[in-house]
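File shown: entry.pdb (PDB, N, CA and C atoms).
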```pdb
ATOM      1  N   MET A   1     -89.776 -85.900 -48.705
ATOM      2  CA  MET A   1     -89.724 -85.068 -49.890
ATOM      3  C   MET A   1     -88.291 -84.857 -50.338
ATOM      4  N   LEU A   2     -87.428 -84.663 -49.357
ATOM      5  CA  LEU A   2     -86.020 -84.439 -49.667
ATOM      6  C   LEU A   2     -85.418 -85.660 -50.342
ATOM      7  N   LYS A   3     -85.756 -86.839 -49.825
ATOM      8  CA  LYS A   3     -85.227 -88.059 -50.431
ATOM      9  C   LYS A   3     -85.760 -88.237 -51.847
ATOM     10  N   VAL A   4     -87.001 -87.843 -52.072
ATOM     11  CA  VAL A   4     -87.588 -87.974 -53.402
ATOM     12  C   VAL A   4     -86.852 -87.086 -54.393
ATOM     13  N   LEU A   5     -86.602 -85.833 -54.014
ATOM     14  CA  LEU A   5     -85.874 -84.924 -54.896
ATOM     15  C   LEU A   5     -84.457 -85.423 -55.150
ATOM     16  N   ALA A   6     -83.795 -85.875 -54.100
ATOM     17  CA  ALA A   6     -82.427 -86.385 -54.264
ATOM     18  C   ALA A   6     -82.424 -87.620 -55.144
ATOM     19  N   ARG A   7     -83.447 -88.476 -54.980
ATOM     20  CA  ARG A   7     -83.524 -89.690 -55.796
ATOM     21  C   ARG A   7     -83.725 -89.337 -57.261
ATOM     22  N   CYS A   8     -84.577 -88.354 -57.547
ATOM     23  CA  CYS A   8     -84.815 -87.957 -58.937
ATOM     24  C   CYS A   8     -83.535 -87.445 -59.595
ATOM     25  N   VAL A   9     -82.807 -86.628 -58.867
ATOM     26  CA  VAL A   9     -81.551 -86.105 -59.396
ATOM     27  C   VAL A   9     -80.558 -87.233 -59.595
ATOM     28  N   ALA A  10     -80.456 -88.098 -58.599
ATOM     29  CA  ALA A  10     -79.481 -89.187 -58.662
ATOM     30  C   ALA A  10     -79.804 -90.167 -59.772
ATOM     31  N   LEU A  11     -81.074 -90.484 -59.934
ATOM     32  CA  LEU A  11     -81.448 -91.454 -60.955
ATOM     33  C   LEU A  11     -81.170 -90.952 -62.360
ATOM     34  N   SER A  12     -81.155 -89.656 -62.530
ATOM     35  CA  SER A  12     -80.887 -89.133 -63.866
ATOM     36  C   SER A  12     -79.407 -89.208 -64.227
ATOM     37  N   PHE A  13     -78.530 -89.398 -63.232
ATOM     38  CA  PHE A  13     -77.092 -89.414 -63.515
ATOM     39  C   PHE A  13     -76.470 -90.802 -63.492
ATOM     40  N   THR A  14     -76.696 -91.556 -62.428
ATOM     41  CA  THR A  14     -75.949 -92.811 -62.278
ATOM     42  C   THR A  14     -76.820 -93.953 -61.774
ATOM     43  N   PRO A  15     -77.805 -94.390 -62.511
ATOM     44  CA  PRO A  15     -78.662 -95.444 -61.983
ATOM     45  C   PRO A  15     -78.095 -96.860 -62.087
ATOM     46  N   LEU A  16     -77.302 -97.147 -63.078
ATOM     47  CA  LEU A  16     -76.951 -98.532 -63.326
ATOM     48  C   LEU A  16     -75.912 -99.136 -62.391
ATOM     49  N   PRO A  17     -74.822 -98.477 -62.044
ATOM     50  CA  PRO A  17     -73.814 -99.144 -61.222
ATOM     51  C   PRO A  17     -74.308 -99.595 -59.857
ATOM     52  N   CYS A  18     -75.277 -98.927 -59.293
ATOM     53  CA  CYS A  18     -75.745 -99.285 -57.952
ATOM     54  C   CYS A  18     -76.808-100.374 -57.967
ATOM     55  N   ALA A  19     -77.223-100.782 -59.127
ATOM     56  CA  ALA A  19     -78.252-101.823 -59.188
ATOM     57  C   ALA A  19     -77.768-103.108 -58.545
ATOM     58  N   ALA A  20     -76.469-103.332 -58.537
ATOM     59  CA  ALA A  20     -75.918-104.542 -57.936
ATOM     60  C   ALA A  20     -76.101-104.564 -56.428
ATOM     61  N   VAL A  21     -76.327-103.422 -55.811
ATOM     62  CA  VAL A  21     -76.512-103.354 -54.360
ATOM     63  C   VAL A  21     -77.821-104.028 -53.958
ATOM     64  N   VAL A  22     -78.841-103.898 -54.787
ATOM     65  CA  VAL A  22     -80.144-104.478 -54.490
ATOM     66  C   VAL A  22     -80.057-105.986 -54.712
ATOM     67  N   GLU A  23     -80.497-106.732 -53.730
ATOM     68  CA  GLU A  23     -80.399-108.182 -53.801
ATOM     69  C   GLU A  23     -81.577-108.751 -54.592
ATOM     70  N   PRO A  24     -81.348-109.291 -55.790
ATOM     71  CA  PRO A  24     -82.445-109.803 -56.614
ATOM     72  C   PRO A  24     -83.224-110.926 -55.952
ATOM     73  N   MET A  25     -82.533-111.815 -55.233
ATOM     74  CA  MET A  25     -83.222-112.935 -54.601
ATOM     75  C   MET A  25     -84.183-112.442 -53.529
ATOM     76  N   ALA A  26     -83.776-111.424 -52.784
ATOM     77  CA  ALA A  26     -84.660-110.877 -51.752
ATOM     78  C   ALA A  26     -85.914-110.288 -52.367
ATOM     79  N   LEU A  27     -85.771-109.651 -53.535
ATOM     80  CA  LEU A  27     -86.938-109.098 -54.199
ATOM     81  C   LEU A  27     -87.865-110.199 -54.690
ATOM     82  N   LYS A  28     -87.308-111.314 -55.160
ATOM     83  CA  LYS A  28     -88.134-112.436 -55.610
ATOM     84  C   LYS A  28     -88.867-113.057 -54.432
ATOM     85  N   VAL A  29     -88.191-113.210 -53.309
ATOM     86  CA  VAL A  29     -88.821-113.775 -52.124
ATOM     87  C   VAL A  29     -89.944-112.870 -51.634
ATOM     88  N   ALA A  30     -89.778-111.564 -51.802
ATOM     89  CA  ALA A  30     -90.787-110.615 -51.332
ATOM     90  C   ALA A  30     -92.119-110.804 -52.029
ATOM     91  N   LYS A  31     -92.103-111.353 -53.242
ATOM     92  CA  LYS A  31     -93.370-111.591 -53.947
ATOM     93  C   LYS A  31     -94.240-112.580 -53.187
ATOM     94  N   PHE A  32     -93.622-113.453 -52.401
ATOM     95  CA  PHE A  32     -94.356-114.519 -51.749
ATOM     96  C   PHE A  32     -94.544-114.298 -50.255
ATOM     97  N   THR A  33     -94.145-113.154 -49.765
ATOM     98  CA  THR A  33     -94.325-112.865 -48.351
ATOM     99  C   THR A  33     -95.231-111.651 -48.181
ATOM    100  N   SER A  34     -95.681-111.448 -46.965
ATOM    101  CA  SER A  34     -96.559-110.306 -46.701
ATOM    102  C   SER A  34     -95.766-109.075 -46.280
ATOM    103  N   ASN A  35     -94.460-109.202 -46.151
ATOM    104  CA  ASN A  35     -93.646-108.102 -45.666
ATOM    105  C   ASN A  35     -92.970-107.358 -46.820
ATOM    106  N   ARG A  36     -93.703-107.051 -47.848
ATOM    107  CA  ARG A  36     -93.133-106.427 -49.037
ATOM    108  C   ARG A  36     -92.725-104.976 -48.815
ATOM    109  N   ILE A  37     -93.521-104.244 -48.082
ATOM    110  CA  ILE A  37     -93.281-102.805 -47.947
ATOM    111  C   ILE A  37     -91.968-102.536 -47.234
ATOM    112  N   SER A  38     -91.718-103.219 -46.118
ATOM    113  CA  SER A  38     -90.478-102.961 -45.389
ATOM    114  C   SER A  38     -89.264-103.395 -46.205
ATOM    115  N   LEU A  39     -89.375-104.494 -46.956
ATOM    116  CA  LEU A  39     -88.270-104.921 -47.813
ATOM    117  C   LEU A  39     -88.037-103.910 -48.925
ATOM    118  N   TYR A  40     -89.121-103.435 -49.520
ATOM    119  CA  TYR A  40     -88.998-102.428 -50.579
ATOM    120  C   TYR A  40     -88.309-101.169 -50.043
ATOM    121  N   LEU A  41     -88.735-100.704 -48.878
ATOM    122  CA  LEU A  41     -88.132 -99.508 -48.291
ATOM    123  C   LEU A  41     -86.655 -99.733 -47.978
ATOM    124  N   HIS A  42     -86.323-100.907 -47.496
ATOM    125  CA  HIS A  42     -84.922-101.216 -47.226
ATOM    126  C   HIS A  42     -84.102-101.171 -48.511
ATOM    127  N   MET A  43     -84.627-101.753 -49.582
ATOM    128  CA  MET A  43     -83.906-101.775 -50.855
ATOM    129  C   MET A  43     -83.757-100.365 -51.429
ATOM    130  N   ILE A  44     -84.813 -99.579 -51.373
ATOM    131  CA  ILE A  44     -84.759 -98.217 -51.909
ATOM    132  C   ILE A  44     -83.776 -97.373 -51.089
ATOM    133  N   ASN A  45     -83.806 -97.516 -49.770
ATOM    134  CA  ASN A  45     -82.881 -96.751 -48.931
ATOM    135  C   ASN A  45     -81.430 -97.142 -49.213
ATOM    136  N   THR A  46     -81.183 -98.435 -49.402
ATOM    137  CA  THR A  46     -79.834 -98.892 -49.746
ATOM    138  C   THR A  46     -79.394 -98.293 -51.071
ATOM    139  N   TYR A  47     -80.300 -98.296 -52.019
ATOM    140  CA  TYR A  47     -80.020 -97.737 -53.346
ATOM    141  C   TYR A  47     -79.745 -96.236 -53.244
ATOM    142  N   ASP A  48     -80.550 -95.537 -52.450
ATOM    143  CA  ASP A  48     -80.360 -94.097 -52.245
ATOM    144  C   ASP A  48     -78.985 -93.788 -51.666
ATOM    145  N   VAL A  49     -78.606 -94.534 -50.642
ATOM    146  CA  VAL A  49     -77.308 -94.310 -50.007
ATOM    147  C   VAL A  49     -76.178 -94.532 -51.014
ATOM    148  N   CYS A  50     -76.301 -95.570 -51.815
ATOM    149  CA  CYS A  50     -75.278 -95.865 -52.816
ATOM    150  C   CYS A  50     -75.180 -94.742 -53.850
ATOM    151  N   ILE A  51     -76.314 -94.329 -54.380
ATOM    152  CA  ILE A  51     -76.333 -93.276 -55.408
ATOM    153  C   ILE A  51     -75.774 -91.968 -54.841
ATOM    154  N   LEU A  52     -76.244 -91.568 -53.660
ATOM    155  CA  LEU A  52     -75.759 -90.314 -53.074
ATOM    156  C   LEU A  52     -74.274 -90.389 -52.757
ATOM    157  N   GLY A  53     -73.801 -91.554 -52.331
ATOM    158  CA  GLY A  53     -72.374 -91.715 -52.080
ATOM    159  C   GLY A  53     -71.555 -91.532 -53.344
ATOM    160  N   LYS A  54     -72.039 -92.096 -54.441
ATOM    161  CA  LYS A  54     -71.339 -91.932 -55.726
ATOM    162  C   LYS A  54     -71.351 -90.477 -56.176
ATOM    163  N   LEU A  55     -72.483 -89.810 -56.017
ATOM    164  CA  LEU A  55     -72.556 -88.410 -56.420
ATOM    165  C   LEU A  55     -71.646 -87.531 -55.573
ATOM    166  N   LYS A  56     -71.623 -87.767 -54.270
ATOM    167  CA  LYS A  56     -70.781 -86.962 -53.375
ATOM    168  C   LYS A  56     -69.293 -87.191 -53.637
ATOM    169  N   SER A  57     -68.940 -88.401 -54.056
ATOM    170  CA  SER A  57     -67.525 -88.693 -54.291
ATOM    171  C   SER A  57     -67.044 -88.187 -55.652
ATOM    172  N   ASP A  58     -67.954 -87.823 -56.535
ATOM    173  CA  ASP A  58     -67.585 -87.307 -57.856
ATOM    174  C   ASP A  58     -67.269 -85.813 -57.740
ATOM    175  N   LEU A  59     -66.050 -85.457 -58.033
ATOM    176  CA  LEU A  59     -65.630 -84.065 -57.895
ATOM    177  C   LEU A  59     -66.298 -83.129 -58.897
ATOM    178  N   LYS A  60     -66.854 -83.680 -59.970
ATOM    179  CA  LYS A  60     -67.516 -82.851 -60.978
ATOM    180  C   LYS A  60     -68.944 -82.482 -60.578
ATOM    181  N   ARG A  61     -69.439 -83.097 -59.525
ATOM    182  CA  ARG A  61     -70.825 -82.868 -59.116
ATOM    183  C   ARG A  61     -70.875 -82.248 -57.719
ATOM    184  N   THR A  62     -71.926 -81.490 -57.496
ATOM    185  CA  THR A  62     -72.175 -80.910 -56.184
ATOM    186  C   THR A  62     -73.560 -81.335 -55.731
ATOM    187  N   VAL A  63     -73.624 -81.996 -54.601
ATOM    188  CA  VAL A  63     -74.906 -82.422 -54.059
ATOM    189  C   VAL A  63     -75.420 -81.312 -53.164
ATOM    190  N   ILE A  64     -76.611 -80.832 -53.447
ATOM    191  CA  ILE A  64     -77.226 -79.794 -52.630
ATOM    192  C   ILE A  64     -78.580 -80.278 -52.149
ATOM    193  N   TYR A  65     -79.016 -79.745 -51.043
ATOM    194  CA  TYR A  65     -80.329 -80.071 -50.499
ATOM    195  C   TYR A  65     -81.148 -78.794 -50.453
ATOM    196  N   PRO A  66     -82.399 -78.864 -50.884
ATOM    197  CA  PRO A  66     -83.223 -77.653 -50.894
ATOM    198  C   PRO A  66     -83.557 -77.189 -49.476
ATOM    199  N   SER A  67     -83.781 -75.883 -49.364
ATOM    200  CA  SER A  67     -84.173 -75.318 -48.073
ATOM    201  C   SER A  67     -85.630 -75.695 -47.788
ATOM    202  N   LEU A  68     -86.069 -75.447 -46.575
ATOM    203  CA  LEU A  68     -87.465 -75.727 -46.217
ATOM    204  C   LEU A  68     -88.424 -74.878 -47.051
ATOM    205  N   GLN A  69     -88.019 -73.623 -47.325
ATOM    206  CA  GLN A  69     -88.853 -72.760 -48.158
ATOM    207  C   GLN A  69     -88.923 -73.309 -49.581
ATOM    208  N   GLY A  70     -87.811 -73.789 -50.100
ATOM    209  CA  GLY A  70     -87.788 -74.377 -51.432
ATOM    210  C   GLY A  70     -88.650 -75.617 -51.515
ATOM    211  N   LEU A  71     -88.594 -76.443 -50.469
ATOM    212  CA  LEU A  71     -89.435 -77.642 -50.434
ATOM    213  C   LEU A  71     -90.914 -77.275 -50.377
ATOM    214  N   ALA A  72     -91.238 -76.250 -49.614
ATOM    215  CA  ALA A  72     -92.641 -75.811 -49.513
ATOM    216  C   ALA A  72     -93.144 -75.295 -50.861
ATOM    217  N   LYS A  73     -92.305 -74.531 -51.561
ATOM    218  CA  LYS A  73     -92.694 -74.029 -52.879
ATOM    219  C   LYS A  73     -92.881 -75.174 -53.865
ATOM    220  N   ALA A  74     -91.964 -76.128 -53.843
ATOM    221  CA  ALA A  74     -92.073 -77.282 -54.740
ATOM    222  C   ALA A  74     -93.334 -78.079 -54.423
ATOM    223  N   ARG A  75     -93.613 -78.294 -53.138
ATOM    224  CA  ARG A  75     -94.810 -79.049 -52.742
ATOM    225  C   ARG A  75     -96.068 -78.339 -53.224
ATOM    226  N   ALA A  76     -96.107 -77.013 -53.119
ATOM    227  CA  ALA A  76     -97.276 -76.248 -53.576
ATOM    228  C   ALA A  76     -97.486 -76.431 -55.080
ATOM    229  N   VAL A  77     -96.404 -76.388 -55.845
ATOM    230  CA  VAL A  77     -96.516 -76.570 -57.298
ATOM    231  C   VAL A  77     -96.967 -77.986 -57.618
ATOM    232  N   PHE A  78     -96.342 -78.987 -56.972
ATOM    233  CA  PHE A  78     -96.716 -80.380 -57.223
ATOM    234  C   PHE A  78     -98.183 -80.627 -56.878
ATOM    235  N   ASP A  79     -98.612 -80.083 -55.735
ATOM    236  CA  ASP A  79    -100.005 -80.271 -55.317
ATOM    237  C   ASP A  79    -100.980 -79.613 -56.284
ATOM    238  N   SER A  80    -100.650 -78.414 -56.777
ATOM    239  CA  SER A  80    -101.559 -77.734 -57.699
ATOM    240  C   SER A  80    -101.678 -78.508 -59.015
ATOM    241  N   VAL A  81    -100.584 -79.072 -59.490
ATOM    242  CA  VAL A  81    -100.628 -79.873 -60.719
ATOM    243  C   VAL A  81    -101.458 -81.133 -60.497
ATOM    244  N   ALA A  82    -101.265 -81.780 -59.349
ATOM    245  CA  ALA A  82    -102.022 -82.996 -59.042
ATOM    246  C   ALA A  82    -103.515 -82.698 -58.923
ATOM    247  N   ILE A  83    -103.862 -81.596 -58.281
ATOM    248  CA  ILE A  83    -105.274 -81.233 -58.125
ATOM    249  C   ILE A  83    -105.900 -80.913 -59.478
ATOM    250  N   GLN A  84    -105.182 -80.190 -60.295
ATOM    251  CA  GLN A  84    -105.691 -79.868 -61.637
ATOM    252  C   GLN A  84    -105.909 -81.147 -62.442
ATOM    253  N   TRP A  85    -104.971 -82.075 -62.355
ATOM    254  CA  TRP A  85    -105.093 -83.346 -63.069
ATOM    255  C   TRP A  85    -106.282 -84.144 -62.535
ATOM    256  N   ALA A  86    -106.473 -84.156 -61.214
ATOM    257  CA  ALA A  86    -107.578 -84.906 -60.612
ATOM    258  C   ALA A  86    -108.930 -84.317 -61.005
ATOM    259  N   ARG A  87    -108.998 -83.013 -61.162
ATOM    260  CA  ARG A  87    -110.261 -82.372 -61.542
ATOM    261  C   ARG A  87    -110.641 -82.646 -62.997
ATOM    262  N   SER A  88    -109.667 -83.009 -63.811
ATOM    263  CA  SER A  88    -109.937 -83.192 -65.239
ATOM    264  C   SER A  88    -110.758 -84.444 -65.542
ATOM    265  N   ASP A  89    -110.762 -85.423 -64.627
ATOM    266  CA  ASP A  89    -111.474 -86.679 -64.891
ATOM    267  C   ASP A  89    -111.771 -87.365 -63.552
ATOM    268  N   PRO A  90    -112.972 -87.908 -63.374
ATOM    269  CA  PRO A  90    -113.285 -88.610 -62.125
ATOM    270  C   PRO A  90    -112.358 -89.802 -61.863
ATOM    271  N   ARG A  91    -111.930 -90.468 -62.914
ATOM    272  CA  ARG A  91    -110.998 -91.596 -62.760
ATOM    273  C   ARG A  91    -109.669 -91.099 -62.182
ATOM    274  N   ASN A  92    -109.215 -89.950 -62.635
ATOM    275  CA  ASN A  92    -107.974 -89.382 -62.116
ATOM    276  C   ASN A  92    -108.087 -89.086 -60.624
ATOM    277  N   ARG A  93    -109.248 -88.580 -60.205
ATOM    278  CA  ARG A  93    -109.477 -88.282 -58.795
ATOM    279  C   ARG A  93    -109.352 -89.554 -57.959
ATOM    280  N   LYS A  94    -109.936 -90.638 -58.480
ATOM    281  CA  LYS A  94    -109.881 -91.922 -57.782
ATOM    282  C   LYS A  94    -108.437 -92.434 -57.710
ATOM    283  N   LEU A  95    -107.701 -92.310 -58.800
ATOM    284  CA  LEU A  95    -106.308 -92.747 -58.823
ATOM    285  C   LEU A  95    -105.456 -91.948 -57.841
ATOM    286  N   LEU A  96    -105.676 -90.637 -57.796
ATOM    287  CA  LEU A  96    -104.917 -89.789 -56.882
ATOM    288  C   LEU A  96    -105.206 -90.160 -55.432
ATOM    289  N   THR A  97    -106.448 -90.468 -55.132
ATOM    290  CA  THR A  97    -106.817 -90.895 -53.780
ATOM    291  C   THR A  97    -106.129 -92.210 -53.424
ATOM    292  N   MET A  98    -106.108 -93.142 -54.385
ATOM    293  CA  MET A  98    -105.455 -94.430 -54.144
ATOM    294  C   MET A  98    -103.950 -94.267 -53.922
ATOM    295  N   VAL A  99    -103.322 -93.434 -54.722
ATOM    296  CA  VAL A  99    -101.889 -93.196 -54.569
ATOM    297  C   VAL A  99    -101.600 -92.527 -53.230
ATOM    298  N   GLY A 100    -102.429 -91.571 -52.848
ATOM    299  CA  GLY A 100    -102.259 -90.912 -51.550
ATOM    300  C   GLY A 100    -102.348 -91.900 -50.399
ATOM    301  N   ALA A 101    -103.281 -92.855 -50.503
ATOM    302  CA  ALA A 101    -103.419 -93.873 -49.459
ATOM    303  C   ALA A 101    -102.191 -94.776 -49.411
ATOM    304  N   LYS A 102    -101.670 -95.148 -50.561
ATOM    305  CA  LYS A 102    -100.464 -95.982 -50.613
ATOM    306  C   LYS A 102     -99.265 -95.258 -50.004
ATOM    307  N   ILE A 103     -99.103 -93.991 -50.348
ATOM    308  CA  ILE A 103     -97.990 -93.216 -49.808
ATOM    309  C   ILE A 103     -98.114 -93.101 -48.294
ATOM    310  N   ALA A 104     -99.321 -92.862 -47.801
ATOM    311  CA  ALA A 104     -99.532 -92.773 -46.351
ATOM    312  C   ALA A 104     -99.187 -94.102 -45.672
ATOM    313  N   LYS A 105     -99.528 -95.199 -46.310
ATOM    314  CA  LYS A 105     -99.212 -96.514 -45.756
ATOM    315  C   LYS A 105     -97.697 -96.730 -45.720
ATOM    316  N   LEU A 106     -97.011 -96.372 -46.805
ATOM    317  CA  LEU A 106     -95.552 -96.514 -46.834
ATOM    318  C   LEU A 106     -94.886 -95.662 -45.766
ATOM    319  N   ARG A 107     -95.362 -94.455 -45.590
ATOM    320  CA  ARG A 107     -94.766 -93.561 -44.593
ATOM    321  C   ARG A 107     -95.043 -94.036 -43.174
ATOM    322  N   SER A 108     -96.162 -94.719 -42.963
ATOM    323  CA  SER A 108     -96.479 -95.207 -41.617
ATOM    324  C   SER A 108     -95.561 -96.365 -41.221
ATOM    325  N   VAL A 109     -95.041 -97.088 -42.204
ATOM    326  CA  VAL A 109     -94.136 -98.208 -41.922
ATOM    327  C   VAL A 109     -92.773 -97.703 -41.513
ATOM    328  N   GLN A 110     -92.332 -96.588 -42.104
ATOM    329  CA  GLN A 110     -91.017 -96.048 -41.773
ATOM    330  C   GLN A 110     -91.054 -95.596 -40.357
TER     331      GLN A 110
END
```

structure tokens encoding of this file:
Amino acid sequence: MLKVLARCVALSFTPLPCAAVVEPMALKVAKFTSNRISLYLHMINTYDVCILGKLKSDLKRTVIYPSLQGLAKARAVFDSVAIQWARSDPRNRKLLTMVGAKIAKLRSVQ
């Protein structure tokens, strides 16, 4: 959750300069292999480190990390919005279930 929040903040400020860190050829090769998830996670983590490094080195910016209580409050709000959206349409419920399964799979690889 912390990485997600940091990524959202970072992506809104400096997304383009770090794009060179991600290896385009490796991403193309990943289309033809079965090991896509671990490669994707490696690329995203590399990108995260680059973005956070740039933000930390900029004297005009302050990088902060939310407290556990703040993360719990944010998770409660995010979950309530997702549940409300899922209740609005059966298709939404199915999509939310599919996304939850994908996220669980990604987290199991880490």

Hey, can you check how far CA of Lys54 in chain A sits from atom C of Leu39 in chain A?
->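 It comes out at 21.6 Å.
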
Spatial neighbours of Asn92 in chain A, max dist 10 Å, only C-alpha atoms, sep filter under 6 positions, as an MDAnalysis selection string | chainID A and resid 82:86 98

Quote the spacing between atom C of Val77 in chain A and CA of Val109 in chain A in Å to one decimal place.
-> 25.8 Å

Interatomic distance between atom C of Ser67 in chain A and atom N of Tyr47 in chain A?
-> 23.6 Å

Kindly compute an axis-aligned box around the listed atoms of range 37-56 of chain A, allowing 6 Å on each side, and express its centre and edge lengths in Å to one decimal as AutoDock Vina command-line options.
```
--center_x -81.4 --center_y -95.9 --center_z -50.9 --size_x 36.2 --size_y 30.0 --size_z 23.0
```
